[in-house]
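Student: Handing you a structure now.
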Amino acid sequence: MAAFLGRRIAQGAVVVALVATIVFLLIRLAPGDPFAASMADPRISESVRNEWRRSYGLDLPISQQYLRYVASVAKGDLGFSFSLQRPVRSVLADALPNTLLLMAVALIASFAAGIAVALAQVRRRGRLSDRVLGGVSLLFFSVPDFWLALLILTLFAYWGPFPIGGAVDPTSHDLLGPAGRIVDRLNHVVLPALTLTLLYFPLIARHQRAALLDELPSDYVTTARSKGLTEKAILSRHTLRNALLPVIALFGLAFPALLTGAVFVEKVFSWPGMGLTIVNAIDSRDYPLLTACVLLGSAFVVAGGILTDLLYRRFDPRLRDEL
Amino acid sequence: MTQPLLSVENLSTWFHTSSGVARSVDGVSFAIGAGETLGIVGESGCGKSVTALSILRLIQPPGRIEAGSRIMFEGKDIVTLDDKGMRGIRGNRISMIFQEPMSALNPVFTVGDQVAEVARVHGNGSRQDAWNRAVEMLSLTGIPSPEERAKQYPHQLSGGMRQRVLIAMALMMTPALIIADEPTTALDVTIQAQILELLVELQNRLGTSILMITHDLGVIAETASRVVVMYGGEVVEEAEVKTLFAGAHHPYTEGLMNAMPQITASRGRLNVIPGTVPSPTEWPSGCRFRDRCSYAWERCEREHPPLYQISGSHTSRCHLAVEPERRAHPHLPLVEQANATV
Ligand SMILES: Nc1ncnc2c1ncn2[C@@H]1O[C@H](COP(=O)(O)OP(=O)(O)OP(=O)(O)O)[C@@H](O)[C@H]1O
Ligand SMILES: [Mg+2]
């Protein structure tokens with residue numbers, strides 16, 4: 001087990017390093033310039049821009065830039081964001097916790113809701129309520145994400161039990177005690193997380209339902225029935241445990257969203273998260289910020305893969321004996 | 001026999017599929033007394049498993065137990081019992097041992113947990129009591145170091161071990177009846193003998209009745225006192241095992257006997273019954289065995305034979321019972337004649 005983890009983490013580190021290198025090269029080879037915005041301003045001469053380039057080391061050959069970058073990352077310094085004029089580290093320190101909170105709540109709620117809906121459907125398989133639940137899922141699966149976010153925003157702007165914008169209350173948050181701050185944050189996360197959950201759960205429900213239906217004809221289900229278990233107990237204990245693997249794979253694939261967030265939700269609910277940070281970094285050719293995001297992103301992808309393997313082993317004892 | 005423990009009366013279980021109605025079990029009757037072992041024997045597809053599953057009402061749609069069927073057990077009709085009453089019988093008063101010990105166990109739970117689950121459903125002790133009882137039953141079925149084995153998963157056990165686990169599971173609540181559906185078919189010959197011995201020994205100790213389902217008359221000879229022969233979803237012959245081995249009446253049973261490998265016979269070709277079981281969606285008119293029978297005559301096509309009484313408790317679904325002189329004139333069975341003309 002420890003050997004397995006060690007090997008997977010080492011492999012992951014190599015992958016992250018490779019991805020970071022490739023992205024470092026690609027974004028510098030792509031057309032565009034970090035100082036393009038200043039080109040339109042006649043008061044800024046080319047020599048000023050050259051001075052700026054020099055101060056960020058952009059005049060050096062790419063190989064040297066790369067070595068400097070590797071050296072600074074190794075020291076834990078992710079560089080300085082051109083566009084925001086702040087250290088990358090402090091940009092991430094602001095945006096990342098917000099995104100982690102929102103996406104963790106949204107992912108957990110989506111998977112819980114998806115699995116629950118699938119169990120409810122399979123218990124009533126073939127009946128009207130199965131089809132109704134399937135139809136509702138399909139509806140949410142097909143609505144445009146921006147539209148749903150705006151709909152929820154509008155609805156709750158009138159109703160109003162939950163705040164409709166920002167990650168915290170801008171006026172009162174700093175005055176609250178520790179418990180009050182947590183409540184404030186959770187209140188703000190409700191609507192964006194609800195939007196994401198409504199959009200994500202149908203996919204999980206569909207996969208989970210199909211996996212459960214695949215397991216039902218198994219002999220062990222007949223054995224469980226012959227022991228006198230209720231259909232409910234058979235489904236939620238015996239069948240679900242065997243039908244979780246495809247959904248665990250989905251969870252692993254969704255895991256990097258913890259970092260990248262969702263741009264449309266951030267826009268509609270003014271959520272200060274990673275999605276918009278990344279989009280802005282691309283727009284403004286903010287190399288240090290973008291490279292740092294990709295570095296973290298690939299780390300999350302690798303972590304999602306390792307987590308998937310660990311969960312597989314947790315839920316399927318047959319995989320534990322393999323290395 | 002006084003009041004039987006289980007009596008199956010006119011059981012019909014049909015599958016209503018898009019390609020027709022499969023009358024897999026079609027008017028089957030038999031009874032089992034307390035402590036008795038009744039064998040059901042027949043070729044693949046004759047309806048043995050469907051009969052077994054019907055007794056525990058484990059038939060899933062499109063299958064259905066048809067109106068007019070009765071399964072009386074401990075004074076209740078299983079066919080019309082409510083779901084809760086049915087669950088109270090399953091695993092508690094009647095339990096089942098399946099053919100495939102690998103797939104019959106859930107791969108993701110320990111075997112001890114799966115055995116203990118029966119007591120968690122039916123018993124009123126604690127979780128720990130259920131576990132202790134499971135270990136005790138595993139030990140009773142001859143599993144060495146049962147405490148450790150209980151914590152293992154099915155894939156970590158051999159086929160014979162897994163079948164012992166299923167037997168332990170079936171015996172947890174000391175049921176009145178165990179239905180064993182080909183419990184040894186998937187096992188090596190040496191293991192087969194051990195498992196059969198174990199079942200007989202535990203039966204003697206616990207006084208349980210057994211419904212022993214098999215396609216192997218050898219298994220019947222070793223375990224059962226009475227035997228029901230099934231063909232085409234029907235009972236075609238029923239007799240004491242001794243009576244049957246002394247002289248089977250139905251040509252199908254004769255065929256099964258001849259197909260048994262004989263230890264005394266010199267090595268040579270195994271006798272087989274020509275042809276195959278017809279599809280349950282289209283049983284032939286009259287006698288369902290007539291295509292494969294070397295005695296068949298017009299009456300067999302015209303008239304579906306009833307169960308004739310041969311002697312005492314010996315019955316046979318063959319017109320030879322009323323026209324015994326025809327036995328002197330065997331001919332090639334119809335299927336072989338058909339093959340010959342191709
Ligand atoms: N779910 C089902 N749907 C349709 N037909 C079925 C179904 N289950 C069983 N049957 C049919 O019922 C008939 C009897 O099947 P059954 O499983 O009882 O045979 P069996 O005597 O147990 O044979 P085996 O020795 O192969 O186990 C078969 O022809 C089979 O095709
Ligand atoms: Mg069978």
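Letters A, B, ... go to the chains of the structure tokens in the order shown; residues in each chain start at 1; ligands are counted from 1 in the same order.
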What's around Gln99 (chain B) at 7 Å? Count only C-alpha atoms, leave out sequence neighbours fewer than 6 positions away in its own chain, and write the answer as a list in words.
Tutor: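 Here the answer would be Asp181, Glu182, Pro183, Thr184, Thr185 and Ala186 of chain B.
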Student: Could you list, as a list in words, all the residues within 10 Å of ligand 2, counting only C-alpha atoms and all ligand atoms?
Tutor: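 Every residue with an atom at most 10 Å from ligand 2 is listed here: Gly42, Glu43, Ser44, Gly45, Cys46, Gly47, Lys48, Ser49, Val50, Thr51, Ala52, Leu53, Phe98, Gln99, Asp181, Glu182, Ile213, Thr214 and His215 of chain B.
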Student: Extract, using only C-alpha atoms, all DNA, RNA and protein residues at most 12 Å from Met39 (chain A), discarding same-chain residues fewer than 6 positions from it, and format them as a ChimeraX atom specification.
Tutor: /A:32-33,45-50
Student: Export C-alpha atoms of the chosen residues as a compact mmCIF listing (two decimals), in the first residue's frame?
Tutor:
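After the write, out.txt holds the following:
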```txt
# COMPACT_ATOMS: atom_id res chain seq x y z
CA GLY A 32 0.38 37.71 -28.14
CA ASP A 33 2.33 39.93 -25.81
CA SER A 45 7.37 54.20 -26.23
CA GLU A 46 8.89 50.93 -27.36
CA SER A 47 11.96 51.58 -25.21
CA VAL A 48 9.75 51.72 -22.09
CA ARG A 49 8.20 48.43 -23.04
CA ASN A 50 11.66 46.95 -23.58
```
Student: Residues of chain B within 6 Å of chain A, counting only C-alpha atoms, what are they? List them as a list in words.
Tutor: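 Selected residues: Arg87, Arg90, Gly91, Ser103, Ala104, Leu105, Asn106, Val108 and Val118 of chain B.
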Student: Excluding Arg133 (chain B) and its own-chain neighbours fewer than 5 positions away, which residues fall within 8 Å of it when counting only C-alpha atoms? Please give them as a list in words.
Tutor: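 In the requested form, the answer reads Ala116, Ala119 and Met172 of chain B.
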Student: Could the residues in this selection be saved with all heavy atoms as a short mmCIF file (atom, residue, chain, number, x, y, z; two decimals), in the first residue's frame?
Tutor:
```cif
data_model
loop_
_atom_site.label_atom_id
_atom_site.label_comp_id
_atom_site.auth_asym_id
_atom_site.auth_seq_id
_atom_site.Cartn_x
_atom_site.Cartn_y
_atom_site.Cartn_z
N ALA B 116 -22.99 -13.78 8.52
CA ALA B 116 -23.61 -13.16 9.70
C ALA B 116 -24.85 -12.35 9.33
O ALA B 116 -25.77 -12.21 10.14
CB ALA B 116 -22.59 -12.25 10.40
N ALA B 119 -28.20 -13.78 10.22
CA ALA B 119 -28.64 -13.64 11.62
C ALA B 119 -28.99 -12.20 11.95
O ALA B 119 -29.83 -11.94 12.80
CB ALA B 119 -27.55 -14.15 12.55
N MET B 172 -27.49 -21.09 8.96
CA MET B 172 -27.42 -20.12 10.07
C MET B 172 -28.61 -20.20 11.02
O MET B 172 -28.45 -20.20 12.23
CB MET B 172 -27.32 -18.69 9.51
CG MET B 172 -25.93 -18.18 9.32
SD MET B 172 -24.95 -18.18 10.79
CE MET B 172 -25.10 -16.48 11.30
#
```
Student: Considering only C-alpha atoms, state which residue in the set A:Ala3, A:Ala233, A:Leu199, A:Leu244 is at the smallest distance from Phe141 (chain A).
Tutor: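 Nearest candidate to Phe141 (chain A) out of A:Ala3, A:Ala233, A:Leu199, A:Leu244: A:Leu199.
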Student: At what distance in Å, to one decimal, does CA of Thr208 (chain B) lie from CA of Thr223 (chain B)?
Tutor: 13.0 Å
Student: What lies within 10 Å of Asp113 (chain B) using only C-alpha atoms, ignoring chain neighbours under 3 positions off, as an MDAnalysis selection string?
Tutor: chainID B and resid 109:110 116:118 120 127 130:131 134:135 150:153
Student: Counting only C-alpha atoms, which of B:Arg288, B:Arg93, B:Arg162, B:Lys84 gets nearest to Gln114 (chain B)?
Tutor: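 Result for the nearest residue to Gln114 (chain B): B:Arg162.
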Student: I need the residues in region 114-188 of chain B that are helix (DSSP H, G or I) according to DSSP; give them as a PyMOL selection string.
Tutor: chain B and resi 114-122+127-140+146-150+154-156+159-171
Student: Work out how far apart CA of Lys232 (chain A) and CA of Ser129 (chain A) are and give it in Å to one decimal.
Tutor: 16.1 Å
Student: For Phe24 (chain A), find every residue with an atom within 10 Å (counting only C-alpha atoms), except residues of its own chain fewer than 4 positions away, and show them as a list in words.
Tutor: Leu18, Val19, Ala20, Arg28, Leu29, Ile62, Gln65, Tyr66, Tyr69, Tyr287, Pro288, Leu290, Thr291, Ala292, Val294 and Leu295 of chain A
Student: Pick from B:Glu238, B:Glu100, B:Asp82, B:Glu36: nearest to ligand 1, with only C-alpha atoms and all ligand atoms counted?
Tutor: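 For ligand 1, the nearest of the given residues is B:Glu100.
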Student: What's around region 192-197 of chain B at 12 Å? Count only C-alpha atoms, leave out sequence neighbours fewer than 6 positions away in its own chain, and write the answer as a VMD selection string.
Tutor: chain B and resid 97 99 141 to 143 159 to 168 180 182 to 186 203 to 204 210 212 214 216 218 to 224
Student: Taking the DSSP assignment computed from this structure's backbone, write out as a list in words all residues of region 44-97 of chain B that belong to strand (DSSP E or B).
Tutor: Gly63, Arg64, Ile65, Arg70, Ile71, Met72, Phe73, Lys76, Asp77, Arg90, Ile94, Ser95, Met96 and Ile97 of chain B
